[in-house]
>>> print(open('run32.pdb').read())   # PDB, C-alpha atoms
MODEL        1
ATOM      1  CA  MET A   1     124.992  13.345  62.099  1.00  0.00           C
ATOM      2  CA  ALA A   2     124.292  17.062  61.635  1.00  0.00           C
ATOM      3  CA  ASN A   3     120.764  18.413  61.326  1.00  0.00           C
ATOM      4  CA  PHE A   4     120.008  21.205  58.892  1.00  0.00           C
ATOM      5  CA  LYS A   5     116.994  23.474  59.041  1.00  0.00           C
ATOM      6  CA  LEU A   6     115.622  25.585  56.245  1.00  0.00           C
ATOM      7  CA  SER A   7     113.298  28.435  56.879  1.00  0.00           C
ATOM      8  CA  ILE A   8     111.124  30.347  54.463  1.00  0.00           C
ATOM      9  CA  GLU A   9     113.377  33.387  54.837  1.00  0.00           C
ATOM     10  CA  ASP A  10     116.231  31.376  53.300  1.00  0.00           C
ATOM     11  CA  PHE A  11     114.525  31.425  49.937  1.00  0.00           C
ATOM     12  CA  GLU A  12     114.567  34.536  47.849  1.00  0.00           C
ATOM     13  CA  GLU A  13     111.187  35.401  46.413  1.00  0.00           C
ATOM     14  CA  ILE A  14     111.163  36.388  42.765  1.00  0.00           C
ATOM     15  CA  ASP A  15     109.940  39.919  42.335  1.00  0.00           C
ATOM     16  CA  PHE A  16     107.562  40.455  39.474  1.00  0.00           C
ATOM     17  CA  TYR A  17     104.867  42.762  38.202  1.00  0.00           C
ATOM     18  CA  ILE A  18     101.484  41.536  36.997  1.00  0.00           C
ATOM     19  CA  ILE A  19      99.440  43.602  34.566  1.00  0.00           C
ATOM     20  CA  ALA A  20      95.831  42.622  33.836  1.00  0.00           C
ATOM     21  CA  LEU A  21      94.542  43.123  30.294  1.00  0.00           C
ATOM     22  CA  HIS A  22      90.894  43.192  29.228  1.00  0.00           C
ATOM     23  CA  THR A  23      90.650  42.889  25.450  1.00  0.00           C
ATOM     24  CA  PRO A  24      88.774  40.997  22.726  1.00  0.00           C
ATOM     25  CA  LEU A  25      92.018  40.604  20.714  1.00  0.00           C
ATOM     26  CA  GLU A  26      93.388  37.194  19.824  1.00  0.00           C
ATOM     27  CA  ASP A  27      96.589  36.282  21.655  1.00  0.00           C
ATOM     28  CA  TYR A  28      98.918  36.655  18.655  1.00  0.00           C
ATOM     29  CA  ARG A  29      97.474  40.087  17.761  1.00  0.00           C
ATOM     30  CA  LEU A  30      97.818  41.272  21.344  1.00  0.00           C
ATOM     31  CA  ALA A  31     101.454  40.110  21.390  1.00  0.00           C
ATOM     32  CA  TYR A  32     102.049  42.028  18.141  1.00  0.00           C
ATOM     33  CA  PHE A  33     100.600  45.274  19.544  1.00  0.00           C
ATOM     34  CA  LEU A  34     102.520  44.890  22.810  1.00  0.00           C
ATOM     35  CA  ASN A  35     105.727  44.410  20.819  1.00  0.00           C
ATOM     36  CA  LEU A  36     105.023  47.631  18.911  1.00  0.00           C
ATOM     37  CA  HIS A  37     104.145  49.816  21.875  1.00  0.00           C
ATOM     38  CA  LEU A  38     106.622  48.458  24.424  1.00  0.00           C
ATOM     39  CA  THR A  39     109.523  47.757  22.012  1.00  0.00           C
ATOM     40  CA  ILE A  40     109.833  44.153  23.172  1.00  0.00           C
ATOM     41  CA  PHE A  41     109.838  40.933  21.143  1.00  0.00           C
ATOM     42  CA  LEU A  42     107.214  38.568  22.519  1.00  0.00           C
ATOM     43  CA  SER A  43     107.079  35.282  20.631  1.00  0.00           C
ATOM     44  CA  LYS A  44     105.000  32.145  21.103  1.00  0.00           C
ATOM     45  CA  ASN A  45     106.511  29.834  23.663  1.00  0.00           C
ATOM     46  CA  LYS A  46     106.517  26.116  22.826  1.00  0.00           C
ATOM     47  CA  ASN A  47     105.684  25.325  26.445  1.00  0.00           C
ATOM     48  CA  ASP A  48     102.200  26.440  27.398  1.00  0.00           C
ATOM     49  CA  VAL A  49     101.317  26.930  31.053  1.00  0.00           C
ATOM     50  CA  GLU A  50      99.808  23.651  32.289  1.00  0.00           C
ATOM     51  CA  SER A  51      97.203  23.736  35.034  1.00  0.00           C
ATOM     52  CA  GLN A  52      95.292  21.058  36.905  1.00  0.00           C
ATOM     53  CA  VAL A  53      91.658  21.834  37.748  1.00  0.00           C
ATOM     54  CA  LYS A  54      88.980  19.561  39.172  1.00  0.00           C
ATOM     55  CA  GLU A  55      87.534  18.898  35.687  1.00  0.00           C
ATOM     56  CA  GLY A  56      90.894  17.883  34.216  1.00  0.00           C
ATOM     57  CA  THR A  57      94.092  19.319  32.831  1.00  0.00           C
ATOM     58  CA  THR A  58      94.261  22.414  30.668  1.00  0.00           C
ATOM     59  CA  SER A  59      96.944  24.646  29.203  1.00  0.00           C
ATOM     60  CA  PHE A  60      97.134  28.390  28.714  1.00  0.00           C
ATOM     61  CA  VAL A  61      98.862  29.966  25.709  1.00  0.00           C
ATOM     62  CA  ARG A  62     102.061  31.845  26.535  1.00  0.00           C
ATOM     63  CA  PHE A  63     104.237  34.373  24.700  1.00  0.00           C
ATOM     64  CA  THR A  64     107.723  35.078  26.083  1.00  0.00           C
ATOM     65  CA  PHE A  65     110.525  37.593  25.675  1.00  0.00           C
ATOM     66  CA  GLU A  66     113.793  37.518  27.618  1.00  0.00           C
ATOM     67  CA  ASP A  67     115.794  40.736  27.653  1.00  0.00           C
ATOM     68  CA  LYS A  68     119.317  39.366  28.002  1.00  0.00           C
ATOM     69  CA  GLU A  69     120.888  42.786  28.626  1.00  0.00           C
ATOM     70  CA  LYS A  70     118.635  43.793  31.526  1.00  0.00           C
ATOM     71  CA  PHE A  71     117.783  40.227  32.658  1.00  0.00           C
ATOM     72  CA  ILE A  72     114.061  40.990  32.443  1.00  0.00           C
ATOM     73  CA  LYS A  73     111.601  38.279  31.450  1.00  0.00           C
ATOM     74  CA  TRP A  74     108.216  39.152  29.923  1.00  0.00           C
ATOM     75  CA  ASP A  75     105.372  36.610  29.737  1.00  0.00           C
ATOM     76  CA  LEU A  76     101.970  37.198  28.159  1.00  0.00           C
ATOM     77  CA  VAL A  77      99.586  34.458  29.336  1.00  0.00           C
ATOM     78  CA  GLN A  78      95.913  33.930  28.640  1.00  0.00           C
ATOM     79  CA  ASN A  79      93.715  33.674  31.729  1.00  0.00           C
ATOM     80  CA  LYS A  80      90.709  31.736  30.425  1.00  0.00           C
ATOM     81  CA  ASN A  81      90.525  28.426  28.597  1.00  0.00           C
ATOM     82  CA  GLU A  82      87.706  26.005  27.824  1.00  0.00           C
ATOM     83  CA  ILE A  83      87.795  22.361  28.946  1.00  0.00           C
ATOM     84  CA  GLU A  84      85.627  19.813  27.162  1.00  0.00           C
ATOM     85  CA  ILE A  85      84.247  17.013  29.320  1.00  0.00           C
ATOM     86  CA  PHE A  86      82.828  13.827  27.800  1.00  0.00           C
ATOM     87  CA  GLU A  87      80.308  11.840  29.785  1.00  0.00           C
ATOM     88  CA  ASN A  88      79.071   8.404  28.810  1.00  0.00           C
ATOM     89  CA  LYS A  89      75.463   7.725  29.839  1.00  0.00           C
ATOM     90  CA  THR A  90      75.018   4.124  30.896  1.00  0.00           C
ATOM     91  CA  SER A  91      71.571   4.324  32.448  1.00  0.00           C
ATOM     92  CA  LYS A  92      68.585   2.742  30.729  1.00  0.00           C
ATOM     93  CA  ASP A  93      66.265   5.579  29.982  1.00  0.00           C
ATOM     94  CA  LEU A  94      65.104   7.665  27.049  1.00  0.00           C
ATOM     95  CA  PHE A  95      68.431   9.506  26.753  1.00  0.00           C
ATOM     96  CA  SER A  96      70.837   6.585  27.194  1.00  0.00           C
ATOM     97  CA  GLY A  97      73.098   5.258  24.504  1.00  0.00           C
ATOM     98  CA  PHE A  98      74.898   8.446  23.518  1.00  0.00           C
ATOM     99  CA  ASP A  99      77.820  10.440  24.833  1.00  0.00           C
ATOM    100  CA  ALA A 100      77.261  13.870  26.315  1.00  0.00           C
ATOM    101  CA  LYS A 101      79.786  16.628  25.723  1.00  0.00           C
ATOM    102  CA  PHE A 102      80.077  19.544  28.150  1.00  0.00           C
ATOM    103  CA  SER A 103      82.291  22.586  28.147  1.00  0.00           C
ATOM    104  CA  THR A 104      83.488  24.490  31.203  1.00  0.00           C
ATOM    105  CA  SER A 105      85.874  27.369  31.772  1.00  0.00           C
ATOM    106  CA  ALA A 106      89.191  27.142  33.593  1.00  0.00           C
ATOM    107  CA  TYR A 107      91.174  30.144  34.816  1.00  0.00           C
ATOM    108  CA  LEU A 108      94.866  30.629  35.467  1.00  0.00           C
ATOM    109  CA  LEU A 109      93.993  33.025  38.313  1.00  0.00           C
ATOM    110  CA  PRO A 110      90.417  32.177  39.342  1.00  0.00           C
ATOM    111  CA  GLU A 111      90.054  35.296  41.490  1.00  0.00           C
ATOM    112  CA  TYR A 112      90.373  37.419  38.311  1.00  0.00           C
ATOM    113  CA  LYS A 113      87.775  35.753  36.068  1.00  0.00           C
ATOM    114  CA  LYS A 114      87.044  38.924  34.078  1.00  0.00           C
ATOM    115  CA  VAL A 115      90.689  39.354  32.977  1.00  0.00           C
ATOM    116  CA  ASP A 116      91.545  38.055  29.497  1.00  0.00           C
ATOM    117  CA  TYR A 117      95.367  38.115  29.675  1.00  0.00           C
ATOM    118  CA  PHE A 118      98.150  38.723  32.164  1.00  0.00           C
ATOM    119  CA  LEU A 119     101.498  40.307  31.411  1.00  0.00           C
ATOM    120  CA  LYS A 120     104.054  39.071  33.924  1.00  0.00           C
ATOM    121  CA  ILE A 121     107.313  41.013  34.126  1.00  0.00           C
ATOM    122  CA  GLU A 122     110.063  39.349  36.183  1.00  0.00           C
ATOM    123  CA  ASN A 123     113.260  40.870  37.632  1.00  0.00           C
ATOM    124  CA  ALA A 124     112.241  44.400  36.689  1.00  0.00           C
ATOM    125  CA  VAL A 125     111.541  46.044  40.022  1.00  0.00           C
ATOM    126  CA  ASN A 126     114.495  48.444  39.717  1.00  0.00           C
ATOM    127  CA  GLU A 127     114.554  48.584  35.906  1.00  0.00           C
ATOM    128  CA  ILE A 128     111.123  49.779  34.767  1.00  0.00           C
ATOM    129  CA  LYS A 129     108.288  51.953  35.992  1.00  0.00           C
ATOM    130  CA  ILE A 130     105.054  50.000  36.003  1.00  0.00           C
ATOM    131  CA  ASN A 131     102.898  53.108  35.557  1.00  0.00           C
ATOM    132  CA  GLU A 132     104.680  53.942  32.303  1.00  0.00           C
ATOM    133  CA  ILE A 133     104.144  50.405  31.004  1.00  0.00           C
ATOM    134  CA  VAL A 134     100.441  50.548  31.890  1.00  0.00           C
ATOM    135  CA  SER A 135     100.010  53.912  30.150  1.00  0.00           C
ATOM    136  CA  LYS A 136     101.763  52.640  27.000  1.00  0.00           C
ATOM    137  CA  ILE A 137      99.522  49.558  26.905  1.00  0.00           C
ATOM    138  CA  ASN A 138      96.469  51.752  27.468  1.00  0.00           C
ATOM    139  CA  LYS A 139      97.235  53.537  24.167  1.00  0.00           C
ATOM    140  CA  ILE A 140      96.502  50.332  22.220  1.00  0.00           C
ATOM    141  CA  GLU A 141      93.108  50.891  20.641  1.00  0.00           C
ATOM    142  CA  SER A 142      91.575  47.458  21.286  1.00  0.00           C
ATOM    143  CA  ILE A 143      92.534  47.325  24.967  1.00  0.00           C
ATOM    144  CA  LYS A 144      89.388  47.923  27.003  1.00  0.00           C
ATOM    145  CA  MET A 145      91.069  48.128  30.407  1.00  0.00           C
ATOM    146  CA  VAL A 146      94.585  47.665  31.784  1.00  0.00           C
ATOM    147  CA  TYR A 147      95.880  47.872  35.347  1.00  0.00           C
ATOM    148  CA  ALA A 148      98.644  46.587  37.588  1.00  0.00           C
ATOM    149  CA  ILE A 149      97.832  43.989  40.216  1.00  0.00           C
ATOM    150  CA  ASP A 150      99.622  43.876  43.562  1.00  0.00           C
ATOM    151  CA  SER A 151     101.367  40.485  43.523  1.00  0.00           C
ATOM    152  CA  GLU A 152     100.957  40.177  47.313  1.00  0.00           C
ATOM    153  CA  LYS A 153      97.153  40.115  46.942  1.00  0.00           C
ATOM    154  CA  ILE A 154      97.049  37.213  44.479  1.00  0.00           C
ATOM    155  CA  LYS A 155      95.647  34.135  46.205  1.00  0.00           C
ATOM    156  CA  SER A 156      96.680  31.582  43.560  1.00  0.00           C
ATOM    157  CA  LYS A 157     100.244  32.895  43.182  1.00  0.00           C
ATOM    158  CA  ASN A 158     101.579  29.370  42.608  1.00  0.00           C
ATOM    159  CA  ASN A 159      99.860  29.337  39.197  1.00  0.00           C
ATOM    160  CA  LEU A 160     102.271  32.071  38.113  1.00  0.00           C
ATOM    161  CA  ILE A 161     105.338  29.883  38.568  1.00  0.00           C
ATOM    162  CA  PHE A 162     106.390  28.864  35.071  1.00  0.00           C
TER     163      PHE A 162
ENDMDL
END
>>> encode(input="run32.pdb", output="structure tokens")
Amino acid sequence: MANFKLSIEDFEEIDFYIIALHTPLEDYRLAYFLNLHLTIFLSKNKNDVESQVKEGTTSFVRFTFEDKEKFIKWDLVQNKNEIEIFENKTSKDLFSGFDAKFSTSAYLLPEYKKVDYFLKIENAVNEIKINEIVSKINKIESIKMVYAIDSEKIKSKNNLIF
């Protein structure tokens, strides 16, 4: 019987750009403004990005556009979502007999807690200039801050596989 070995080098890593967006805009309004300024067609994806955190499961809203001519995929994903936790008090004290409801935040990329949204651009390393994209996004009035993130420095890179 023959033995086969696979090494990490055998797998091709998907090249992508990540752009961080700080804005108070709602997700659908941000997608609209990005469509205008970047001449793309982001639309709400039926499949949100699911994530498992210690408090439970959450999902992050996602807008997608696939450029079939250039084979470029654009994903706008929210970074922060609230998880509601219900706790049933069973002890016999003054505050027993009612359910407690807590809310906590979950992040797609926990090392970037201040970022509101991420724009992930796949298969575009030779097709677009990231600095031009960042400067176009920066012209949107409600964007407070925008910058590219080096994908090699992202600790929770597995959260970006969707």
>>> residues_around(input="run32.pdb", residues="stretch 138-141 of chain A", least_positions_apart="2", cutoff="10 Å", atoms="only C-alpha atoms", output="PDB file with C-alpha atoms, in the frame of the given file")
ATOM      1  CA  LEU A  21      94.542  43.123  30.294  1.00  0.00           C
ATOM      2  CA  THR A  23      90.650  42.889  25.450  1.00  0.00           C
ATOM      3  CA  LEU A  30      97.818  41.272  21.344  1.00  0.00           C
ATOM      4  CA  PHE A  33     100.600  45.274  19.544  1.00  0.00           C
ATOM      5  CA  LEU A  34     102.520  44.890  22.810  1.00  0.00           C
ATOM      6  CA  LEU A  36     105.023  47.631  18.911  1.00  0.00           C
ATOM      7  CA  HIS A  37     104.145  49.816  21.875  1.00  0.00           C
ATOM      8  CA  GLU A 132     104.680  53.942  32.303  1.00  0.00           C
ATOM      9  CA  ILE A 133     104.144  50.405  31.004  1.00  0.00           C
ATOM     10  CA  VAL A 134     100.441  50.548  31.890  1.00  0.00           C
ATOM     11  CA  SER A 135     100.010  53.912  30.150  1.00  0.00           C
ATOM     12  CA  LYS A 136     101.763  52.640  27.000  1.00  0.00           C
ATOM     13  CA  ILE A 143      92.534  47.325  24.967  1.00  0.00           C
ATOM     14  CA  LYS A 144      89.388  47.923  27.003  1.00  0.00           C
ATOM     15  CA  MET A 145      91.069  48.128  30.407  1.00  0.00           C
ATOM     16  CA  VAL A 146      94.585  47.665  31.784  1.00  0.00           C
ATOM     17  CA  TYR A 147      95.880  47.872  35.347  1.00  0.00           C
TER      18      TYR A 147
END
>>> atom_distance(input="run32.pdb", atom1="atom CA of A:Ile154", atom2="atom CA of A:Asp116")
16.0 Å
>>> atom_distance(input="run32.pdb", atom1="atom CA of A:Ile18", atom2="atom CA of A:Asp150")
7.2 Å
>>> axis_aligned_box(input="run32.pdb", around="stretch 36-55 of chain A", padding_each_side="5 Å", output="AutoDock Vina command-line options")
--center_x 98.7 --center_y 34.4 --center_z 29.0 --size_x 32.3 --size_y 40.9 --size_z 30.3
>>> atom_distance(input="run32.pdb", atom1="atom CA of A:Arg29", atom2="atom CA of A:Ser142")
10.1 Å
>>> resolve_selection(input="run32.pdb", expression="the PyMOL selection byres ((chain A and resi 67) around 12)", output="list in words")
Thr39, Ile40, Phe41, Leu42, Thr64, Phe65, Glu66, Lys68, Glu69, Lys70, Phe71, Ile72, Lys73, Trp74, Asp75, Ile121, Glu122, Asn123, Ala124 and Glu127 of chain A
>>> build_atoms(input="run32.pdb", residues="stretch 110-132 of chain A", atoms="N, CA and C atoms", output="mmCIF file, in the frame of the given file")
data_model
loop_
_atom_site.group_PDB
_atom_site.id
_atom_site.type_symbol
_atom_site.label_atom_id
_atom_site.label_comp_id
_atom_site.auth_asym_id
_atom_site.auth_seq_id
_atom_site.Cartn_x
_atom_site.Cartn_y
_atom_site.Cartn_z
ATOM 1 N N PRO A 110 91.880 32.202 39.211
ATOM 2 C CA PRO A 110 90.417 32.177 39.342
ATOM 3 C C PRO A 110 89.818 33.403 40.021
ATOM 4 N N GLU A 111 90.598 34.111 40.830
ATOM 5 C CA GLU A 111 90.054 35.296 41.490
ATOM 6 C C GLU A 111 89.929 36.490 40.551
ATOM 7 N N TYR A 112 90.463 36.363 39.331
ATOM 8 C CA TYR A 112 90.373 37.419 38.311
ATOM 9 C C TYR A 112 89.704 36.856 37.054
ATOM 10 N N LYS A 113 88.477 36.405 37.175
ATOM 11 C CA LYS A 113 87.775 35.753 36.068
ATOM 12 C C LYS A 113 87.456 36.686 34.912
ATOM 13 N N LYS A 114 87.377 37.969 35.142
ATOM 14 C CA LYS A 114 87.044 38.924 34.078
ATOM 15 C C LYS A 114 88.256 39.301 33.222
ATOM 16 N N VAL A 115 89.465 38.996 33.687
ATOM 17 C CA VAL A 115 90.689 39.354 32.977
ATOM 18 C C VAL A 115 90.924 38.376 31.837
ATOM 19 N N ASP A 116 91.282 38.909 30.663
ATOM 20 C CA ASP A 116 91.545 38.055 29.497
ATOM 21 C C ASP A 116 92.989 37.564 29.454
ATOM 22 N N TYR A 117 93.943 38.452 29.735
ATOM 23 C CA TYR A 117 95.367 38.115 29.675
ATOM 24 C C TYR A 117 96.107 38.755 30.830
ATOM 25 N N PHE A 118 97.246 38.144 31.182
ATOM 26 C CA PHE A 118 98.150 38.723 32.164
ATOM 27 C C PHE A 118 99.508 38.925 31.511
ATOM 28 N N LEU A 119 100.125 40.048 31.821
ATOM 29 C CA LEU A 119 101.498 40.307 31.411
ATOM 30 C C LEU A 119 102.334 40.255 32.679
ATOM 31 N N LYS A 120 103.188 39.252 32.758
ATOM 32 C CA LYS A 120 104.054 39.071 33.924
ATOM 33 C C LYS A 120 105.447 39.555 33.557
ATOM 34 N N ILE A 121 105.989 40.453 34.374
ATOM 35 C CA ILE A 121 107.313 41.013 34.126
ATOM 36 C C ILE A 121 108.189 40.665 35.329
ATOM 37 N N GLU A 122 109.190 39.816 35.105
ATOM 38 C CA GLU A 122 110.063 39.349 36.183
ATOM 39 C C GLU A 122 111.376 40.102 36.201
ATOM 40 N N ASN A 123 111.941 40.259 37.406
ATOM 41 C CA ASN A 123 113.260 40.870 37.632
ATOM 42 C C ASN A 123 113.339 42.297 37.127
ATOM 43 N N ALA A 124 112.270 43.047 37.240
ATOM 44 C CA ALA A 124 112.241 44.400 36.689
ATOM 45 C C ALA A 124 111.904 45.460 37.720
ATOM 46 N N VAL A 125 111.971 45.115 38.984
ATOM 47 C CA VAL A 125 111.541 46.044 40.022
ATOM 48 C C VAL A 125 112.356 47.333 39.981
ATOM 49 N N ASN A 126 113.647 47.246 39.754
ATOM 50 C CA ASN A 126 114.495 48.444 39.717
ATOM 51 C C ASN A 126 114.724 48.964 38.300
ATOM 52 N N GLU A 127 114.250 48.244 37.291
ATOM 53 C CA GLU A 127 114.554 48.584 35.906
ATOM 54 C C GLU A 127 113.463 49.393 35.197
ATOM 55 N N ILE A 128 112.205 49.111 35.490
ATOM 56 C CA ILE A 128 111.123 49.779 34.767
ATOM 57 C C ILE A 128 110.129 50.402 35.744
ATOM 58 N N LYS A 129 109.357 51.323 35.216
ATOM 59 C CA LYS A 129 108.288 51.953 35.992
ATOM 60 C C LYS A 129 106.972 51.376 35.488
ATOM 61 N N ILE A 130 106.272 50.715 36.379
ATOM 62 C CA ILE A 130 105.054 50.000 36.003
ATOM 63 C C ILE A 130 103.982 50.943 35.488
ATOM 64 N N ASN A 131 103.906 52.145 36.016
ATOM 65 C CA ASN A 131 102.898 53.108 35.557
ATOM 66 C C ASN A 131 103.125 53.509 34.109
ATOM 67 N N GLU A 132 104.370 53.618 33.699
ATOM 68 C CA GLU A 132 104.680 53.942 32.303
ATOM 69 C C GLU A 132 104.280 52.796 31.374
#
